[in-house]
Amino acid sequence: MNLFTETNLSPDILKAIGELGYESPTEIQKQTIPFILSDIRDLIALAQTGTGKTAAFSLPILDMIDDTSRKIQLLVLCPTRELCLQISKDIKNYSKYMDIKTTAVYGGSSIVEQMRSLKEKPQIIVGTPGRVIDLINRKALDFSAIHWLVLDEADEMLSMGFKDELETILSETPETKQTFLFSATMNKEVERISKNYLTKPHRISVGSINEVKKNITHEYYVVGYRQKKEALKRLIDANPNQYSIIFCRTRMETQEVADFLMQNGYAADALHGDLSQAQRDTVMKKFRLKNIDILVATDVAARGLDVNSLTHVIHFSLPDDPEVFVHRSGRTGRAGKDGISMALIKPEESRKLKQIKSATKIEINEKFIPTGDQIIKAQVGGVFEKLLTEHEDLFEFDDSLIPDLSNFTKEELVHQLLQFQLKDLALYYKDKHDLVEQKLSNRDDDYSRRDRGRDRDRDRGRDRDRGRDRDRGGKPRRKDENMVRFFFNLGKKDHLKKLDVLDIINKATAGGKTKKRAEIGDIEILEKFSFFEVEKSFKDNVLSNIQSMKFKGKDMRAEVAN
Ligand code: AMP
């Protein structure tokens with residue numbers, strides 16, 4: 001049975017939402033539909049995206065709208081073009097069987113085109129504040145018959161600086177209208193605007209700060225400023241097959257983190273306000289289609305994105321407002337799935353963490369940055385998880401394509417395949433030290449002079465060591481008597497990757513006397529050149545074969561390094 005029938009909405013609406021598969025009202029719909037249908041008061045609803053709030057306000061309004069009038073009766077204001085398009089699409093779906101026209105107006109798109117569309121006399125306008133003001137100035141909007149005004153994601157519109165625009169629109173619309181304010185968070189600005197422009201509003205709260213989702217596990221990791229990116233890399237590597245958003249505080253930080261991840265070979269990209277609308281659209285599309293599985297974003301830019309299957313949310317930097325923490329974390333653990341929220345905390349941020357814990361009542365547990373071994377173990381688990389869950393998508397394979405493998409046992413094959421799959425990562429973590437465990441300092445300023453000085457000294461020491469190592473022709477290493485270390489004339493500037501080096505060595509050493517594969521040791525790729533280690537008995541093969549090979553059109557040269 002469709003539980004919406006109890007809401008008394010008209011058959012046209014019930015038919016449309018029935019076709020969309022809506023069977024029962026969500027929590028916010030249960031509260032707002034009867035209220036809007038029967039009450040004339042204004043409304044403040046604390047609700048996040050994903051709670052069904054678009055239907056919550058638009059279904060009862062569609063039920064009451066006068067479809068014989070061709071004047072604007074509902075105006076919905078929202079912060080971004082994406083949300084604008086999403087809301088107008090939803091409303092068009094809900095009013096499929098009604099004689100209602102909905103028009104979306106937003107920046108970054110032809111205003112002339114939008115003015116033409118307004119000539120068709122829509123009863124509903126969904127718009128961003130800036131564009132609505134532009135259209136008011138061009139006298140393209142008649143607000144005289146507005147009956148309902150919805151401010152969607154009011155907190156976001158205010159934090160994006162739309163305060164003046166909102167105030168103008170609120171005062172340009174008829175006083176008799178009913179105003180509904182939806183906001184994920186309730187801060188001073190939102191309170192102020194509701195106090196000035198809403199009359200004795202009824203308040204409801206759904207999925208807000210008081211209702212932190214239970215299916216999200218919260219973890220925090222203490223890590224010094226300089227180690228944050230490396231720590232992030234480890235967290236990503238230790239959680240394979242993730243589909244996640246990494247939240248940063250500033251546009252610059254967002255771009256830096258995304259660049260770091262991309263340079264390290266992750267399918268990641270950045271989403272922030274310095275990008276053009278077209279660039280943002282492309283990134284969001286790539287993320288929705290899972291062409292990239294890690295999105296690094298600012299809070300504001302991520303708002304326009306509606307994805308339900310995030311496995312992780314990573315707070316690269318903590319937000320100032322505890323509610324933003326809840327809101328960010330709530331992007332995962334949707335649609336009945338479990339989610340993990342991980343926060344990187346600097347040692348001096350203990351007070352901020354405490355504040356978040358006490359304001360939100362969330363249990364956030366301390367965890368330690370995974371070691372190389374833990375990461376490899378998690379990756380092996382990840383390969384099997386993928387194998388076991390995605391087998392339906394695999395293509396039909398002709399068994400005759402597989403060479404004779406009868407000389408191998410099942411275990412040997414699994415072992416080889418895993419090594420093949422994970423060799424890059426294993427090489428990366430092979431000689432890496434674990435990240436030093438950091439402790440939260442009790443007082444925020446404890447960290448200040450003393451620890452920063454210590455960090456600086458440690459870094460200077462590290463730089464000195466690096467200089468020394470470079471003089472010796474590489475990083476300090478355990479000498480392996482079985483290996484020869486080679487100098488190789490290509491490096492990062494030639495876009496050389498570890499996988500390329502492995503390929504080159506394999507080619508240079510293939511078909512040797514014994515037909516066995518050469519063992520490969522340490523590989524170190526520096527800016528202009530590299531070093532690698534190969535089993536001693538293959539020394540001559542490397543020396544003679546590499547000279548006749550080319551990499552991206554460049555001649556290759558390998559010499560024995562001291
Ligand atoms: P919103 O919070 O408005 O962005 O809605 C989140 C998602 O929930 C959208 O994809 C809606 O189509 C969907 N939705 C809204 N109401 C219901 C409902 N009663 N049953 C099932 N899905 C719904």
# chains A, B, ... in the order shown; residues from 1 in each chain; ligands from 1
call {"tool": "residues_near_ligand", "arguments": {"ligand": "ligand 1", "cutoff": "8 Å", "atoms": "only C-alpha atoms and all ligand atoms", "output": "JSON, numbers by chain"}}
result
{"A": [20, 21, 22, 23, 24, 25, 26, 29, 48, 49, 50, 51, 52, 53, 54, 55, 56, 86, 87, 90, 306]}
call {"tool": "residues_around", "arguments": {"residues": "Gln114 of chain A", "least_positions_apart": "3", "cutoff": "10 Å", "atoms": "only C-alpha atoms", "output": "short mmCIF file (atom, residue, chain, number, x, y, z; two decimals) with all heavy atoms, in the first residue's frame"}}
result
data_model
loop_
_atom_site.label_atom_id
_atom_site.label_comp_id
_atom_site.auth_asym_id
_atom_site.auth_seq_id
_atom_site.Cartn_x
_atom_site.Cartn_y
_atom_site.Cartn_z
N THR A 103 10.11 27.03 -14.12
CA THR A 103 11.31 27.53 -14.82
C THR A 103 12.46 27.72 -13.84
O THR A 103 12.26 28.26 -12.75
CB THR A 103 10.99 28.88 -15.50
OG1 THR A 103 9.96 28.65 -16.46
CG2 THR A 103 12.20 29.46 -16.23
N ALA A 104 13.64 27.28 -14.27
CA ALA A 104 14.83 27.46 -13.43
C ALA A 104 15.63 28.65 -13.96
O ALA A 104 15.84 28.77 -15.17
CB ALA A 104 15.69 26.20 -13.46
N VAL A 105 16.04 29.54 -13.07
CA VAL A 105 16.88 30.68 -13.49
C VAL A 105 18.13 30.74 -12.61
O VAL A 105 18.05 30.74 -11.40
CB VAL A 105 16.09 32.03 -13.41
CG1 VAL A 105 14.95 32.05 -14.41
CG2 VAL A 105 15.55 32.31 -12.03
N TYR A 106 19.27 30.75 -13.26
CA TYR A 106 20.53 30.69 -12.50
C TYR A 106 21.64 31.36 -13.31
O TYR A 106 21.53 31.52 -14.54
CB TYR A 106 20.90 29.23 -12.23
CG TYR A 106 20.70 28.35 -13.42
CD1 TYR A 106 21.67 28.27 -14.42
CD2 TYR A 106 19.51 27.64 -13.60
CE1 TYR A 106 21.48 27.51 -15.54
CE2 TYR A 106 19.30 26.87 -14.73
CZ TYR A 106 20.30 26.81 -15.70
OH TYR A 106 20.10 26.07 -16.83
N SER A 109 24.51 31.14 -17.27
CA SER A 109 23.76 30.65 -18.42
C SER A 109 23.02 31.86 -19.03
O SER A 109 22.77 32.84 -18.32
CB SER A 109 22.78 29.60 -17.91
OG SER A 109 22.24 28.89 -18.96
N SER A 110 22.66 31.79 -20.30
CA SER A 110 22.10 32.97 -20.98
C SER A 110 20.86 33.55 -20.30
O SER A 110 19.84 32.87 -20.14
CB SER A 110 21.77 32.59 -22.42
OG SER A 110 20.82 33.50 -22.95
N ILE A 111 20.94 34.82 -19.93
CA ILE A 111 19.80 35.47 -19.27
C ILE A 111 18.68 35.72 -20.30
O ILE A 111 17.50 35.66 -19.96
CB ILE A 111 20.24 36.78 -18.55
CG1 ILE A 111 19.14 37.25 -17.58
CG2 ILE A 111 20.57 37.88 -19.53
CD1 ILE A 111 19.59 38.26 -16.56
N SER A 117 12.01 32.16 -21.67
CA SER A 117 11.28 31.08 -21.01
C SER A 117 10.25 31.64 -20.00
O SER A 117 9.19 31.06 -19.80
CB SER A 117 12.32 30.19 -20.34
OG SER A 117 11.77 29.34 -19.46
N LEU A 118 10.58 32.81 -19.41
CA LEU A 118 9.64 33.43 -18.44
C LEU A 118 8.38 33.95 -19.15
O LEU A 118 7.32 34.08 -18.54
CB LEU A 118 10.32 34.58 -17.70
CG LEU A 118 11.42 34.15 -16.71
CD1 LEU A 118 12.13 35.36 -16.15
CD2 LEU A 118 10.82 33.32 -15.58
N LYS A 119 8.52 34.24 -20.46
CA LYS A 119 7.36 34.72 -21.23
C LYS A 119 6.28 33.65 -21.33
O LYS A 119 5.14 33.93 -21.63
CB LYS A 119 7.82 35.14 -22.64
CG LYS A 119 8.74 36.35 -22.63
CD LYS A 119 8.28 37.40 -23.65
CE LYS A 119 8.93 38.73 -23.44
NZ LYS A 119 10.36 38.78 -23.79
N ARG A 131 20.83 35.71 -9.86
CA ARG A 131 20.12 35.77 -11.13
C ARG A 131 18.69 36.31 -10.95
O ARG A 131 18.19 37.07 -11.77
CB ARG A 131 20.12 34.38 -11.79
CG ARG A 131 19.43 34.30 -13.13
CD ARG A 131 19.90 35.34 -14.14
NE ARG A 131 21.30 35.34 -14.49
CZ ARG A 131 21.81 34.80 -15.59
NH1 ARG A 131 21.02 34.19 -16.45
NH2 ARG A 131 23.10 34.90 -15.84
N LEU A 135 17.08 39.53 -12.86
CA LEU A 135 15.81 39.48 -13.59
C LEU A 135 14.80 40.49 -13.04
O LEU A 135 14.01 41.05 -13.78
CB LEU A 135 15.24 38.05 -13.56
CG LEU A 135 16.05 37.05 -14.41
CD1 LEU A 135 15.70 35.62 -14.05
CD2 LEU A 135 15.81 37.29 -15.90
N ALA A 140 11.74 41.43 -15.46
CA ALA A 140 11.28 40.21 -16.14
C ALA A 140 10.46 39.31 -15.21
O ALA A 140 9.98 38.26 -15.63
CB ALA A 140 12.49 39.44 -16.66
#
call {"tool": "atom_distance", "arguments": {"atom1": "atom CA of Phe487 of chain A", "atom2": "atom CA of Ala558 of chain A"}}
result
5.5 Å
call {"tool": "residues_around", "arguments": {"residues": "segment 383-389 of chain A", "least_positions_apart": "6", "cutoff": "10 Å", "atoms": "only C-alpha atoms", "output": "list of chain:residue names"}}
result
A:Pro240, A:Asn241, A:Leu418, A:Gln421, A:Leu422
call {"tool": "residues_around", "arguments": {"residues": "segment 217-227 of chain A", "least_positions_apart": "3", "cutoff": "7 Å", "atoms": "only C-alpha atoms", "output": "MDAnalysis selection string"}}
result
chainID A and resid 230:231 339:347 363:369 438:440
call {"tool": "write_last_selection", "arguments": {"atoms": "C-alpha atoms", "output": "PDB file, in the first residue's frame"}}
result
ATOM      1  CA  GLU A 230      51.308  11.477   3.569  1.00  0.00           C
ATOM      2  CA  ALA A 231      48.835  10.466   6.290  1.00  0.00           C
ATOM      3  CA  GLY A 339      29.703   4.992   6.401  1.00  0.00           C
ATOM      4  CA  ILE A 340      33.060   5.994   7.862  1.00  0.00           C
ATOM      5  CA  SER A 341      34.060   9.528   8.739  1.00  0.00           C
ATOM      6  CA  MET A 342      37.791  10.117   9.319  1.00  0.00           C
ATOM      7  CA  ALA A 343      39.273  13.350  10.614  1.00  0.00           C
ATOM      8  CA  LEU A 344      42.912  14.404  10.477  1.00  0.00           C
ATOM      9  CA  ILE A 345      43.606  16.412  13.621  1.00  0.00           C
ATOM     10  CA  LYS A 346      46.682  18.503  14.241  1.00  0.00           C
ATOM     11  CA  PRO A 347      48.179  18.122  17.741  1.00  0.00           C
ATOM     12  CA  GLU A 363      31.654   9.374  19.721  1.00  0.00           C
ATOM     13  CA  ILE A 364      34.841   9.932  17.753  1.00  0.00           C
ATOM     14  CA  ASN A 365      37.538   7.349  18.435  1.00  0.00           C
ATOM     15  CA  GLU A 366      41.249   7.819  18.101  1.00  0.00           C
ATOM     16  CA  LYS A 367      43.003   5.583  15.593  1.00  0.00           C
ATOM     17  CA  PHE A 368      46.585   5.465  14.359  1.00  0.00           C
ATOM     18  CA  ILE A 369      47.828   6.061  10.853  1.00  0.00           C
ATOM     19  CA  GLN A 438      51.398  12.143  17.571  1.00  0.00           C
ATOM     20  CA  LYS A 439      49.592  13.110  20.734  1.00  0.00           C
ATOM     21  CA  LEU A 440      46.975  15.742  21.166  1.00  0.00           C
TER      22      LEU A 440
END
call {"tool": "atom_distance", "arguments": {"atom1": "atom CA of Val112 of chain A", "atom2": "atom CA of Cys78 of chain A"}}
result
20.8 Å
call {"tool": "residues_around", "arguments": {"residues": "segment 519-525 of chain A", "least_positions_apart": "3", "cutoff": "7 Å", "atoms": "only C-alpha atoms", "output": "PDB file with all heavy atoms, in the first residue's frame"}}
result
ATOM      1  N   GLY A 491      64.230  10.279 -15.416  1.00  0.00           N
ATOM      2  CA  GLY A 491      63.631  10.524 -14.100  1.00  0.00           C
ATOM      3  C   GLY A 491      62.227  11.080 -14.196  1.00  0.00           C
ATOM      4  O   GLY A 491      61.568  10.961 -15.242  1.00  0.00           O
ATOM      5  N   LYS A 492      61.787  11.717 -13.106  1.00  0.00           N
ATOM      6  CA  LYS A 492      60.417  12.248 -13.046  1.00  0.00           C
ATOM      7  C   LYS A 492      60.106  13.192 -14.191  1.00  0.00           C
ATOM      8  O   LYS A 492      59.010  13.223 -14.718  1.00  0.00           O
ATOM      9  CB  LYS A 492      60.217  13.007 -11.730  1.00  0.00           C
ATOM     10  CG  LYS A 492      59.971  12.102 -10.559  1.00  0.00           C
ATOM     11  CD  LYS A 492      59.659  12.933  -9.327  1.00  0.00           C
ATOM     12  CE  LYS A 492      59.827  12.083  -8.096  1.00  0.00           C
ATOM     13  NZ  LYS A 492      60.115  12.838  -6.894  1.00  0.00           N
ATOM     14  N   LYS A 498      57.335   4.078 -11.513  1.00  0.00           N
ATOM     15  CA  LYS A 498      57.941   2.816 -11.060  1.00  0.00           C
ATOM     16  C   LYS A 498      57.546   1.655 -11.969  1.00  0.00           C
ATOM     17  O   LYS A 498      58.352   0.793 -12.281  1.00  0.00           O
ATOM     18  CB  LYS A 498      57.505   2.521  -9.628  1.00  0.00           C
ATOM     19  CG  LYS A 498      58.349   3.283  -8.646  1.00  0.00           C
ATOM     20  CD  LYS A 498      58.243   2.766  -7.255  1.00  0.00           C
ATOM     21  CE  LYS A 498      59.226   3.543  -6.397  1.00  0.00           C
ATOM     22  NZ  LYS A 498      59.054   3.380  -4.981  1.00  0.00           N
ATOM     23  N   PHE A 529      67.066  11.753 -12.892  1.00  0.00           N
ATOM     24  CA  PHE A 529      67.559  10.393 -13.128  1.00  0.00           C
ATOM     25  C   PHE A 529      67.030   9.477 -12.040  1.00  0.00           C
ATOM     26  O   PHE A 529      66.341   9.946 -11.117  1.00  0.00           O
ATOM     27  CB  PHE A 529      69.097  10.367 -13.159  1.00  0.00           C
ATOM     28  CG  PHE A 529      69.716  11.087 -12.000  1.00  0.00           C
ATOM     29  CD1 PHE A 529      69.845  10.472 -10.767  1.00  0.00           C
ATOM     30  CD2 PHE A 529      70.148  12.390 -12.144  1.00  0.00           C
ATOM     31  CE1 PHE A 529      70.409  11.128  -9.695  1.00  0.00           C
ATOM     32  CE2 PHE A 529      70.710  13.073 -11.074  1.00  0.00           C
ATOM     33  CZ  PHE A 529      70.840  12.446  -9.845  1.00  0.00           C
ATOM     34  N   SER A 530      67.372   8.207 -12.153  1.00  0.00           N
ATOM     35  CA  SER A 530      66.829   7.233 -11.192  1.00  0.00           C
ATOM     36  C   SER A 530      67.873   6.194 -10.824  1.00  0.00           C
ATOM     37  O   SER A 530      68.946   6.140 -11.436  1.00  0.00           O
ATOM     38  CB  SER A 530      65.637   6.495 -11.795  1.00  0.00           C
ATOM     39  OG  SER A 530      64.777   7.400 -12.403  1.00  0.00           O
ATOM     40  N   PHE A 531      67.543   5.390  -9.837  1.00  0.00           N
ATOM     41  CA  PHE A 531      68.371   4.248  -9.465  1.00  0.00           C
ATOM     42  C   PHE A 531      67.481   3.018  -9.371  1.00  0.00           C
ATOM     43  O   PHE A 531      66.320   3.136  -8.982  1.00  0.00           O
ATOM     44  CB  PHE A 531      69.033   4.475  -8.095  1.00  0.00           C
ATOM     45  CG  PHE A 531      70.032   5.584  -8.107  1.00  0.00           C
ATOM     46  CD1 PHE A 531      69.662   6.872  -7.754  1.00  0.00           C
ATOM     47  CD2 PHE A 531      71.340   5.351  -8.474  1.00  0.00           C
ATOM     48  CE1 PHE A 531      70.574   7.915  -7.776  1.00  0.00           C
ATOM     49  CE2 PHE A 531      72.267   6.382  -8.495  1.00  0.00           C
ATOM     50  CZ  PHE A 531      71.882   7.671  -8.153  1.00  0.00           C
ATOM     51  N   PHE A 532      68.012   1.884  -9.746  1.00  0.00           N
ATOM     52  CA  PHE A 532      67.280   0.652  -9.472  1.00  0.00           C
ATOM     53  C   PHE A 532      68.245  -0.485  -9.184  1.00  0.00           C
ATOM     54  O   PHE A 532      69.421  -0.427  -9.531  1.00  0.00           O
ATOM     55  CB  PHE A 532      66.313   0.294 -10.602  1.00  0.00           C
ATOM     56  CG  PHE A 532      66.938   0.113 -11.958  1.00  0.00           C
ATOM     57  CD1 PHE A 532      67.694  -1.020 -12.257  1.00  0.00           C
ATOM     58  CD2 PHE A 532      66.757   1.056 -12.950  1.00  0.00           C
ATOM     59  CE1 PHE A 532      68.246  -1.203 -13.504  1.00  0.00           C
ATOM     60  CE2 PHE A 532      67.319   0.887 -14.203  1.00  0.00           C
ATOM     61  CZ  PHE A 532      68.067  -0.232 -14.488  1.00  0.00           C
ATOM     62  N   GLU A 533      67.716  -1.496  -8.511  1.00  0.00           N
ATOM     63  CA  GLU A 533      68.545  -2.650  -8.181  1.00  0.00           C
ATOM     64  C   GLU A 533      68.024  -3.876  -8.909  1.00  0.00           C
ATOM     65  O   GLU A 533      66.820  -4.104  -8.954  1.00  0.00           O
ATOM     66  CB  GLU A 533      68.491  -2.926  -6.671  1.00  0.00           C
ATOM     67  CG  GLU A 533      69.199  -1.881  -5.835  1.00  0.00           C
ATOM     68  CD  GLU A 533      69.046  -2.150  -4.351  1.00  0.00           C
ATOM     69  OE1 GLU A 533      68.049  -2.777  -3.946  1.00  0.00           O
ATOM     70  OE2 GLU A 533      69.917  -1.720  -3.595  1.00  0.00           O
ATOM     71  N   VAL A 534      68.970  -4.643  -9.482  1.00  0.00           N
ATOM     72  CA  VAL A 534      68.576  -5.884 -10.166  1.00  0.00           C
ATOM     73  C   VAL A 534      69.529  -6.989  -9.723  1.00  0.00           C
ATOM     74  O   VAL A 534      70.695  -6.738  -9.413  1.00  0.00           O
ATOM     75  CB  VAL A 534      68.635  -5.701 -11.709  1.00  0.00           C
ATOM     76  CG1 VAL A 534      68.329  -7.007 -12.420  1.00  0.00           C
ATOM     77  CG2 VAL A 534      67.668  -4.627 -12.160  1.00  0.00           C
ATOM     78  N   GLU A 535      69.000  -8.187  -9.709  1.00  0.00           N
ATOM     79  CA  GLU A 535      69.788  -9.351  -9.307  1.00  0.00           C
ATOM     80  C   GLU A 535      71.116  -9.400 -10.081  1.00  0.00           C
ATOM     81  O   GLU A 535      71.138  -9.177 -11.299  1.00  0.00           O
ATOM     82  CB  GLU A 535      68.926 -10.579  -9.639  1.00  0.00           C
ATOM     83  CG  GLU A 535      69.319 -11.815  -8.949  1.00  0.00           C
ATOM     84  CD  GLU A 535      68.375 -12.934  -9.387  1.00  0.00           C
ATOM     85  OE1 GLU A 535      67.203 -12.632  -9.743  1.00  0.00           O
ATOM     86  OE2 GLU A 535      68.817 -14.074  -9.382  1.00  0.00           O
TER      87      GLU A 535
END
call {"tool": "select_by_dssp", "arguments": {"residues": "segment 94-235 of chain A", "states": "strand (DSSP E or B)", "output": "list in words"}}
result
Thr102, Thr103, Ala104, Val105, Ile124, Ile125, Val126, Gly127, Trp148, Leu149, Val150, Leu151, Gln178, Thr179, Phe180, Leu181, Phe182, Ser183, His202, Arg203, Ile204, Ser205, Ile216, Thr217, His218, Glu219, Tyr220, Tyr221 and Val222 of chain A
call {"tool": "residues_around", "arguments": {"residues": "Phe538 of chain A", "least_positions_apart": "6", "cutoff": "10 Å", "atoms": "only C-alpha atoms", "output": "mmCIF file with N, CA, C and O atoms, in the first residue's frame"}}
result
data_model
loop_
_atom_site.group_PDB
_atom_site.id
_atom_site.type_symbol
_atom_site.label_atom_id
_atom_site.label_comp_id
_atom_site.auth_asym_id
_atom_site.auth_seq_id
_atom_site.Cartn_x
_atom_site.Cartn_y
_atom_site.Cartn_z
ATOM 1 N N MET A 483 72.436 -8.029 -5.224
ATOM 2 C CA MET A 483 71.876 -7.044 -6.136
ATOM 3 C C MET A 483 72.951 -6.099 -6.679
ATOM 4 O O MET A 483 73.923 -5.817 -5.992
ATOM 5 N N VAL A 484 72.721 -5.623 -7.883
ATOM 6 C CA VAL A 484 73.581 -4.558 -8.411
ATOM 7 C C VAL A 484 72.729 -3.310 -8.505
ATOM 8 O O VAL A 484 71.566 -3.373 -8.920
ATOM 9 N N ILE A 505 63.024 -3.097 -16.908
ATOM 10 C CA ILE A 505 63.938 -4.130 -16.381
ATOM 11 C C ILE A 505 63.480 -5.508 -16.873
ATOM 12 O O ILE A 505 64.293 -6.326 -17.309
ATOM 13 N N ALA A 508 64.481 -5.887 -20.418
ATOM 14 C CA ALA A 508 65.935 -5.988 -20.592
ATOM 15 C C ALA A 508 66.473 -7.328 -20.091
ATOM 16 O O ALA A 508 67.525 -7.779 -20.536
ATOM 17 N N THR A 509 65.764 -7.941 -19.181
ATOM 18 C CA THR A 509 66.293 -9.182 -18.595
ATOM 19 C C THR A 509 65.530 -10.425 -19.077
ATOM 20 O O THR A 509 65.812 -11.527 -18.640
ATOM 21 N N ALA A 510 64.574 -10.238 -19.949
ATOM 22 C CA ALA A 510 63.776 -11.384 -20.407
ATOM 23 C C ALA A 510 64.640 -12.325 -21.239
ATOM 24 O O ALA A 510 65.598 -11.891 -21.873
ATOM 25 N N GLY A 512 66.786 -14.532 -20.507
ATOM 26 C CA GLY A 512 68.164 -14.786 -20.079
ATOM 27 C C GLY A 512 68.469 -16.282 -20.119
ATOM 28 O O GLY A 512 67.594 -17.096 -20.424
ATOM 29 N N LYS A 513 69.701 -16.615 -19.754
ATOM 30 C CA LYS A 513 70.145 -18.011 -19.869
ATOM 31 C C LYS A 513 69.173 -18.982 -19.208
ATOM 32 O O LYS A 513 68.774 -19.987 -19.757
ATOM 33 N N ARG A 517 63.019 -15.187 -14.032
ATOM 34 C CA ARG A 517 62.874 -13.721 -14.012
ATOM 35 C C ARG A 517 63.885 -13.103 -13.061
ATOM 36 O O ARG A 517 64.190 -13.684 -12.021
ATOM 37 N N ALA A 518 64.362 -11.949 -13.430
ATOM 38 C CA ALA A 518 65.332 -11.273 -12.564
ATOM 39 C C ALA A 518 64.636 -10.724 -11.331
ATOM 40 O O ALA A 518 63.522 -10.215 -11.435
ATOM 41 N N GLU A 519 65.293 -10.845 -10.211
ATOM 42 C CA GLU A 519 64.736 -10.212 -9.008
ATOM 43 C C GLU A 519 65.004 -8.720 -9.065
ATOM 44 O O GLU A 519 66.095 -8.289 -9.467
#
call {"tool": "residues_around", "arguments": {"residues": "Leu305 of chain A", "least_positions_apart": "5", "cutoff": "9 Å", "atoms": "only C-alpha atoms", "output": "tab-separated table (two decimals) with C-alpha atoms, in the first residue's frame"}}
result
chain	number	residue	atom	x	y	z
A	82	GLU	CA	23.07	22.38	-9.69
A	83	LEU	CA	20.58	22.50	-6.86
A	284	MET	CA	30.88	16.49	-10.67
A	288	ARG	CA	28.89	10.77	-10.31
call {"tool": "atom_distance", "arguments": {"atom1": "atom CA of Arg203 of chain A", "atom2": "atom CA of Pro319 of chain A"}}
result
25.9 Å
call {"tool": "decode", "arguments": {"residues": "segment 403-408 of chain A", "atoms": "all heavy atoms", "output": "PDB file, in the first residue's frame"}}
result
ATOM      1  N   PRO A 403      46.825 -19.272 -20.839  1.00  0.00           N
ATOM      2  CA  PRO A 403      47.890 -20.252 -21.102  1.00  0.00           C
ATOM      3  C   PRO A 403      47.828 -21.431 -20.124  1.00  0.00           C
ATOM      4  O   PRO A 403      47.107 -21.359 -19.129  1.00  0.00           O
ATOM      5  CB  PRO A 403      49.164 -19.429 -20.902  1.00  0.00           C
ATOM      6  CG  PRO A 403      48.752 -18.260 -20.103  1.00  0.00           C
ATOM      7  CD  PRO A 403      47.313 -18.003 -20.358  1.00  0.00           C
ATOM      8  N   ASP A 404      48.599 -22.451 -20.410  1.00  0.00           N
ATOM      9  CA  ASP A 404      48.593 -23.626 -19.533  1.00  0.00           C
ATOM     10  C   ASP A 404      49.230 -23.265 -18.198  1.00  0.00           C
ATOM     11  O   ASP A 404      50.390 -22.873 -18.130  1.00  0.00           O
ATOM     12  CB  ASP A 404      49.391 -24.745 -20.216  1.00  0.00           C
ATOM     13  CG  ASP A 404      49.447 -25.974 -19.328  1.00  0.00           C
ATOM     14  OD1 ASP A 404      48.588 -26.079 -18.413  1.00  0.00           O
ATOM     15  OD2 ASP A 404      50.352 -26.807 -19.534  1.00  0.00           O
ATOM     16  N   LEU A 405      48.438 -23.399 -17.138  1.00  0.00           N
ATOM     17  CA  LEU A 405      48.946 -23.000 -15.819  1.00  0.00           C
ATOM     18  C   LEU A 405      49.064 -24.199 -14.889  1.00  0.00           C
ATOM     19  O   LEU A 405      49.157 -24.045 -13.676  1.00  0.00           O
ATOM     20  CB  LEU A 405      48.005 -21.959 -15.189  1.00  0.00           C
ATOM     21  CG  LEU A 405      47.841 -20.662 -15.973  1.00  0.00           C
ATOM     22  CD1 LEU A 405      46.697 -19.839 -15.414  1.00  0.00           C
ATOM     23  CD2 LEU A 405      49.119 -19.844 -15.923  1.00  0.00           C
ATOM     24  N   SER A 406      49.072 -25.389 -15.505  1.00  0.00           N
ATOM     25  CA  SER A 406      49.003 -26.586 -14.653  1.00  0.00           C
ATOM     26  C   SER A 406      50.242 -26.756 -13.780  1.00  0.00           C
ATOM     27  O   SER A 406      50.228 -27.507 -12.812  1.00  0.00           O
ATOM     28  CB  SER A 406      48.756 -27.823 -15.503  1.00  0.00           C
ATOM     29  OG  SER A 406      49.681 -27.839 -16.566  1.00  0.00           O
ATOM     30  N   ASN A 407      51.346 -26.044 -14.126  1.00  0.00           N
ATOM     31  CA  ASN A 407      52.546 -26.171 -13.289  1.00  0.00           C
ATOM     32  C   ASN A 407      52.430 -25.419 -11.977  1.00  0.00           C
ATOM     33  O   ASN A 407      53.232 -25.589 -11.079  1.00  0.00           O
ATOM     34  CB  ASN A 407      53.767 -25.620 -14.040  1.00  0.00           C
ATOM     35  CG  ASN A 407      54.219 -26.598 -15.085  1.00  0.00           C
ATOM     36  OD1 ASN A 407      53.848 -27.771 -15.022  1.00  0.00           O
ATOM     37  ND2 ASN A 407      54.986 -26.116 -16.050  1.00  0.00           N
ATOM     38  N   PHE A 408      51.442 -24.538 -11.892  1.00  0.00           N
ATOM     39  CA  PHE A 408      51.279 -23.744 -10.664  1.00  0.00           C
ATOM     40  C   PHE A 408      50.174 -24.329  -9.801  1.00  0.00           C
ATOM     41  O   PHE A 408      49.179 -24.830 -10.322  1.00  0.00           O
ATOM     42  CB  PHE A 408      50.860 -22.302 -11.001  1.00  0.00           C
ATOM     43  CG  PHE A 408      51.888 -21.538 -11.762  1.00  0.00           C
ATOM     44  CD1 PHE A 408      51.861 -21.485 -13.149  1.00  0.00           C
ATOM     45  CD2 PHE A 408      52.897 -20.861 -11.088  1.00  0.00           C
ATOM     46  CE1 PHE A 408      52.807 -20.772 -13.851  1.00  0.00           C
ATOM     47  CE2 PHE A 408      53.844 -20.145 -11.795  1.00  0.00           C
ATOM     48  CZ  PHE A 408      53.809 -20.095 -13.176  1.00  0.00           C
TER      49      PHE A 408
END
